[in-house]
Structure formats: C-alpha cells, structure tokens
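Here is the structure we will look at.
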Amino acid sequence: MFPVGGVEVMLLLVVASGAVCLLLTLALQRRLGWVSAAAFGGLFWSVAVIASITLIPANGAPGIVPAEGRLTTCSWDIGGPAPDGFWIFSGGQRLLNTAVFVPPGALLVLAAARWRAAWVLVPLGLVLLAGYSAGIEATQLALARLDRACDVTDVVDNTIGAVIGAGLGIVLAALLRPWRR
C-alpha cells in the first residue's frame with residue numbers, strides 16, 4: 001500500500017520544499033545577485049512542486065491496486081480524452097499540465113541568462129524538463145499504487161508549457177537583466 005496521499009500531503013511537501021528552496025536562494029544571493037538566486041531557488045521549487053502534485057495520490061492512499069486493474073502501457077492517444085479538470089484549475093487537465101510547466105521554463109531562462117552559455121543551457125534545460133515530464137509519466141506507469149495514469153499527451157502539454165515559459169523568461173530576462181548584480 002502507498003502510505004501517504006491526499007491534498008494535505010501535497011501541500012505539506014510544497015511548503016517544506018519552498019522553505020528549503022528559500023534557504024538556497026538566500027545562500028546564493030550574495031554570490032549571484034537577487035535575480036539569479038531567486039531564479040535558481042524558484043526553479044528548484046517549481047520542479048519539487050511538480051513532483052509533489054504528480055507523484056502523490058490526489059485522493060489519499062489508494063491501497064492495493066489489483067494486477068488486473070493496472071495499466072501496462074502509457075496512453076499514446078495524443079490529445080485524447082482527459083479528465084474534465086482539477087479542483088484548483090477549472091480549465092481542464094491539459095491546460096493544467098501546460099500551466100504547471102510555465103514557471104520552470106521561465107525560471108530556467110532567468111537562471112541561465114547570467115552566463116554567455118545561456119544559448120546552450122536553455123535548450124539543454126528544456127530537454128531536461130521534457131525528460132523530467134517523461135520520467136514522471138514512467139513513474140506513474142510503474143507505480144500503480146500512485147493511482148495515476150501514464151499519458152504521452154501530458155509530456156507534450158508539459159513540454160509546450162516549458163517552451164511558453166522560456167519565451168516569457170526571455171522577456172523577463174530583458175527586463176530584469178540578471179547578468180548585472
């Protein structure tokens with residue numbers, strides 16, 4: 001049986017990871033300046049939040065999932081049926097999957113904009129965010145006790161969100177100029 005679950009556990013993990021990332025931000029601020037430090041701390045926090053909301057069972061610990069009820073493959077029905085929405089976000093599951101990856105995409109650009117290698121670091125970071133999404137879906141498939149479904153559409157939506165976020169990050173980098181202290 002998966003021992004934990006529910007919205008309360010998700011929120012506890014979000015708050016705990018936020019505290020750790022705030023400490024990281026404060027530790028980096030002197031060396032990198034406040035914009036870059038906040039970008040790094042926020043990037044790590046957003047990745048931790050994504051793990052919390054996608055790898056913790058939403059409705060409490062589901063208990064034992066019988067082998068007959070377990071999916072053996074991911075859904076490859078791109079754009080296929082998705083649940084009508086999530087309790088926080090009324091726009092639907094696909095919109096939520098896109099929106100949740102916008103902050104890490106934007107923060108990735110702000111974190112990397114400090115260095116001249118940003119033109120390599122940002123695309124590499126986007127590939128890593130897409131791989132992170134794929135890893136989450138693989139984990140959801142492998143651990144049926146999470147009571148989550150593996151869907152390739154989620155990876156597509158998450159990657160689109162990260163790319164949209166990177167576009168916003170470029171605008172924010174031009175405004176905030178993190179390469180200056």
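Each chain of the structure tokens is named A, B, ... in the order shown, its residues numbered from 1; ligands are numbered from 1 in display order.
Contact shell of Leu128 in chain A at 12 Å (only C-alpha atoms; same-chain neighbours under 4 positions omitted): Val47, Pro104, Gly105, Leu108, Leu121, Val122, Pro123, Leu124, Tyr132, Ser133, Ala134, Gly135, Val155, Asn158, Thr159, Ala162 and Val163 of chain A.
Near Ala51 in chain A, within 10 Å and counting only C-alpha atoms, sit Met10, Leu13, Val14, Trp45, Tyr132, Ser133 and Ile136 of chain A; same-chain residues fewer than 6 positions away were not included.
Among the candidates A:Ile164, A:Ala138, A:Val120, A:Val109, the residue lying nearest to Val35 in chain A is A:Val109 (atoms considered: only C-alpha atoms).
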Original post:
Could you pull the residues within 12 Å of Arg180 in chain A, counting only C-alpha atoms, minus those fewer than 4 positions along the same chain, as a list of chain:residue names?
Top reply: A:Arg31, A:Leu32, A:Gly33, A:Trp34, A:Val35, A:Ser36, A:Leu110, A:Ala113, A:Arg114, A:Trp115, A:Ala173, A:Ala174, A:Leu175, A:Leu176
Subject >> DSSP alpha helix (DSSP H) selection over chain A, as a ChimeraX atom specification >> reply: /A:7-32,34-55,93-99,102-112,118-142,152-176
Original post:
Of the candidates A:Trp179, A:Ile160, A:Val7, A:Val20, which one gets nearest to Arg116 in chain A if we count only C-alpha atoms?
Top reply: A:Trp179
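Take the candidates A:Leu71, A:Ala27, A:Gly167, A:Ala112 and check each one against Ala149 in chain A using only C-alpha atoms; the shortest distance goes to A:Leu71.
Coordinates place CA of Ser17 in chain A at a distance of 18.1 Å from CA of Ala58 in chain A.
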**OP:** Check the smallest atom-to-atom distance from each of A:Leu26, A:Val4, A:Cys21, A:Ala39 to Pro103 in chain A using only C-alpha atoms, then report the winner.
**Re:** A:Ala39
